[in-house]
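Notes to accompany the following structure.
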Amino acid sequence: MSAITLPRSVLLIAAAAIAIVPLVGSTFYVQLGAKIMIMAIFALSLDFLVGHTGLVSLGHAAYFGLAAYVLALISPQYQAANLWLTLPVAVVITALAALVIGFLVVRTTGVYFIMVTLAFAQMLYSIFHDTDLGGGSDGIYIYVRPELAVAGIRPFNLESPVQFYYFVLLIMVGVYALLSKVLHAPFGRALAGIKANEHRMRSIGYPVSSYKLGAFVLGGAIAGLAGYLAACQFGFVNPEILAWHHSAGVLMMVILGGMGKLHGAVLGAFGYTLLQEILSTPLLLGSYAKHWQLAMGSLIVLIVLAFPHGLAGILDLSLRIRSTKPARVEEALDD
């Protein structure tokens with residue numbers, strides 16, 4: 001079962017379950033849920049490249065961090081920025097950066113592609129870390145979240161944790177629907193062909209580099225959208241959000257959830273972030289909580305070894321089993 005054929009009923013149930021969190025959970029869980037959904041958007045953007053195009057990027061955090069810095073740099077210091085202005089600016093700048101970088105890297109393959117994307121991410125990291133442009137290693141604070149207003153009416157007050165949660169939920173659902181539509185379209189079919197056999201697609205006349213560049217730009221723009229939302233939530237950006245380990249973290253989410261499955265990217269973000277929160281809590285591991293990365297790495301290795309298709313594979317298998325039960329019952333009754 002592919003990511004784009006997950007039953008609509010399952011998607012609706014999942015969205016409804018996420019939507020009721022603010023109704024039953026405290027502010028801590030509302031903020032944690034918003035953080036997880038932002039990371040899910042980030043994971044969706046990388047899964048689109050890795051799982052559906054075959055472009056394994058280890059510098060994807062560059063676009064996440066760049067959009068966050070754009071918001072921080074163009075926002076008034078003690079006033080709410082205009083979301084209708086800052087969000088498009090941040091996403092467009094991120095997309096342009098992905099276009100420039102992608103133009104240079106999509107002609108490489110394999111480990112060379114991985115290393116070049118990492119190199120460009122480290123360049124951006126150095127710009128914000130070693131200069132005063134982004135406040136150096138101290139970063140920049142965003143004291144007031146952007147304002148979302150239409151004709152003087154605010155459909156969402158982003159300063160409210162609950163309303164910010166629902167705003168992020170709508171965006172996550174929108175990104176999922178957009179990528180699902182893209183993957184169903186001829187463009188997405190061509191990407192699947194390129195991933196399966198790039199040389200054959202090139203030989204029959206497809207402009208492979210152009211398709212890969214288009215996917216790279218779209219993935220970078222969506223990563224920038226996630227970075228913008230993260231800057232809104234946390235009110236602070238520093239160079240670490242562009243570092244290679246942030247790119248590696250979201251890649252682990254994609255692997256944990258199951259590459260090539262949109263719902264896998266979402267499940268991976270939920271699973272990875274929740275594991276991180278649980279394992280880094282002293283209540284569970286006591287003084288060993290400071291070594292949560294060791295426990296996290298061990299668990300992910302065990303999960304991947306036991307379930308090669310990730311968390312999405314477990315879900316897909318359970319849905320298949322459930323869908324075959326009625327047919328078996330009918331056969332038994334007929335006999």
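Naming works like this for the structure tokens: A, B, ... for the chains as they're shown, residue 1 at the start of each chain, ligands 1 onward in shown order.
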
message: So that I can check the surroundings of A:Leu49, please list as an NGL selection string every protein, DNA and RNA residue that reaches within 7 Å of it, counting only C-alpha atoms and ignoring chain neighbours fewer than 4 positions away.
response: :A and (45 or 53-56 or 215-216 or 219)

Output of the above residues as a PDB file, in the first residue's frame, restricted to N, CA and C atoms:
```
ATOM      1  N   SER A  45       8.583  17.053   3.624  1.00  0.00           N
ATOM      2  CA  SER A  45       9.391  17.692   2.579  1.00  0.00           C
ATOM      3  C   SER A  45      10.606  16.849   2.223  1.00  0.00           C
ATOM      4  N   THR A  53      11.782  10.638  -4.947  1.00  0.00           N
ATOM      5  CA  THR A  53      12.635  11.098  -6.040  1.00  0.00           C
ATOM      6  C   THR A  53      13.995  10.427  -6.021  1.00  0.00           C
ATOM      7  N   GLY A  54      14.377   9.871  -4.875  1.00  0.00           N
ATOM      8  CA  GLY A  54      15.676   9.219  -4.756  1.00  0.00           C
ATOM      9  C   GLY A  54      16.822  10.167  -4.508  1.00  0.00           C
ATOM     10  N   LEU A  55      16.518  11.381  -4.022  1.00  0.00           N
ATOM     11  CA  LEU A  55      17.553  12.372  -3.735  1.00  0.00           C
ATOM     12  C   LEU A  55      17.795  12.411  -2.225  1.00  0.00           C
ATOM     13  N   VAL A  56      18.859  11.784  -1.767  1.00  0.00           N
ATOM     14  CA  VAL A  56      19.162  11.716  -0.340  1.00  0.00           C
ATOM     15  C   VAL A  56      19.981  12.949   0.043  1.00  0.00           C
ATOM     16  N   ALA A 215      11.579  18.992  -8.080  1.00  0.00           N
ATOM     17  CA  ALA A 215      11.318  18.308  -6.807  1.00  0.00           C
ATOM     18  C   ALA A 215      12.170  18.908  -5.695  1.00  0.00           C
ATOM     19  N   PHE A 216      13.398  19.238  -6.004  1.00  0.00           N
ATOM     20  CA  PHE A 216      14.308  19.810  -5.005  1.00  0.00           C
ATOM     21  C   PHE A 216      13.794  21.162  -4.516  1.00  0.00           C
ATOM     22  N   GLY A 219      10.588  20.594  -2.385  1.00  0.00           N
ATOM     23  CA  GLY A 219      10.967  20.084  -1.072  1.00  0.00           C
ATOM     24  C   GLY A 219      11.587  21.156  -0.200  1.00  0.00           C
TER      25      GLY A 219
END
```

message: Run DSSP on the backbone and tell me which residues of stretch 62-296 of chain A come out as helix (DSSP H, G or I); list them as a PyMOL selection string.
response: chain A and resi 62-74+83-105+110-130+136-138+161-184+186-196+198-203+208-234+239-242+244-257+262-279+282-296

- request: Pick out the residues sitting within 12 Å of A:Lys261, and hand them over as a PyMOL selection string; count only C-alpha atoms, and ignore anything fewer than 2 positions along from it in its own chain.
  value: chain A and resi 1-6+43-53+176+179-180+183+253-259+263-268+309-313+315-316

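Of note, atom CA of A:Ala226 and atom CA of A:Phe42 are spaced 5.5 Å apart.
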
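Scanning stretch 16-262 of chain A with DSSP on the backbone, the strand (DSSP E) assignments fall on Ile140, Tyr141, Leu148, Ala149, Val150, Ile153, Arg154, Pro155, Phe156, Phe236 and Val237 of chain A.
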
Can you write out the residues you just picked, keeping N, CA and C atoms, as a PDB file, in the first residue's frame?
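Below is the file that was written, part.pdb:
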```pdb
ATOM      1  N   ILE A 140      18.686  34.991  17.388  1.00  0.00           N
ATOM      2  CA  ILE A 140      17.781  36.144  17.425  1.00  0.00           C
ATOM      3  C   ILE A 140      16.464  35.726  18.073  1.00  0.00           C
ATOM      4  N   TYR A 141      15.910  36.615  18.877  1.00  0.00           N
ATOM      5  CA  TYR A 141      14.599  36.373  19.482  1.00  0.00           C
ATOM      6  C   TYR A 141      13.498  37.002  18.618  1.00  0.00           C
ATOM      7  N   LEU A 148      -2.138  37.172  11.944  1.00  0.00           N
ATOM      8  CA  LEU A 148      -2.924  36.688  10.805  1.00  0.00           C
ATOM      9  C   LEU A 148      -4.250  37.428  10.816  1.00  0.00           C
ATOM     10  N   ALA A 149      -4.408  38.398   9.922  1.00  0.00           N
ATOM     11  CA  ALA A 149      -5.619  39.220   9.898  1.00  0.00           C
ATOM     12  C   ALA A 149      -6.105  39.373   8.465  1.00  0.00           C
ATOM     13  N   VAL A 150      -7.422  39.343   8.308  1.00  0.00           N
ATOM     14  CA  VAL A 150      -8.059  39.539   7.008  1.00  0.00           C
ATOM     15  C   VAL A 150      -9.124  40.610   7.174  1.00  0.00           C
ATOM     16  N   ILE A 153     -10.041  41.269  10.595  1.00  0.00           N
ATOM     17  CA  ILE A 153     -10.537  40.108  11.345  1.00  0.00           C
ATOM     18  C   ILE A 153      -9.422  39.077  11.448  1.00  0.00           C
ATOM     19  N   ARG A 154      -9.232  38.541  12.659  1.00  0.00           N
ATOM     20  CA  ARG A 154      -8.196  37.534  12.856  1.00  0.00           C
ATOM     21  C   ARG A 154      -8.838  36.153  12.997  1.00  0.00           C
ATOM     22  N   PRO A 155      -8.776  35.329  11.934  1.00  0.00           N
ATOM     23  CA  PRO A 155      -9.339  33.980  12.049  1.00  0.00           C
ATOM     24  C   PRO A 155      -8.576  33.126  13.051  1.00  0.00           C
ATOM     25  N   PHE A 156      -7.287  33.435  13.222  1.00  0.00           N
ATOM     26  CA  PHE A 156      -6.463  32.748  14.205  1.00  0.00           C
ATOM     27  C   PHE A 156      -5.640  33.778  14.972  1.00  0.00           C
ATOM     28  N   PHE A 236      12.511  31.969  18.743  1.00  0.00           N
ATOM     29  CA  PHE A 236      13.978  32.074  18.823  1.00  0.00           C
ATOM     30  C   PHE A 236      14.585  31.244  17.698  1.00  0.00           C
ATOM     31  N   VAL A 237      15.613  31.788  17.075  1.00  0.00           N
ATOM     32  CA  VAL A 237      16.360  31.031  16.064  1.00  0.00           C
ATOM     33  C   VAL A 237      17.846  31.182  16.345  1.00  0.00           C
TER      34      VAL A 237
END
```

- request: Using only C-alpha atoms, find the one residue out of A:Ala67, A:Leu124, A:Ala34, A:Leu170 that sits nearest to A:Val89.
  value: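 Under the stated criterion, the closest residue is A:Ala67.
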
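Rounded to one decimal, atom CA of A:Leu319 and atom CA of A:Pro7 lie 9.1 Å from each other.
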
Counting only C-alpha atoms, the option among A:Glu198, A:Glu277, A:Glu240, A:Asp132 closest to A:Gly65: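 Of A:Glu198, A:Glu277, A:Glu240, A:Asp132, the one nearest A:Gly65 is A:Glu240, counting only C-alpha atoms.
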
message: Rounded to one decimal, what separation in Å do you get between atom CA of A:Leu66 and atom CA of A:Ile18?
response: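 Computed distance, atom CA of A:Leu66 to atom CA of A:Ile18, equals 28.4 Å.
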
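Each of A:Ala14, A:Leu133, A:Met123, A:Ala40 was checked against A:Leu262 using only C-alpha atoms; the smallest atom-to-atom distance is that of A:Ala40.
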
message: Env of A:Gly33: 9 Å cut, atoms = only C-alpha atoms, seq-sep filter 5 positions within chain, self excluded. Answer as a PyMOL selection string.
response: chain A and resi 18+21-22+28+38+165+270
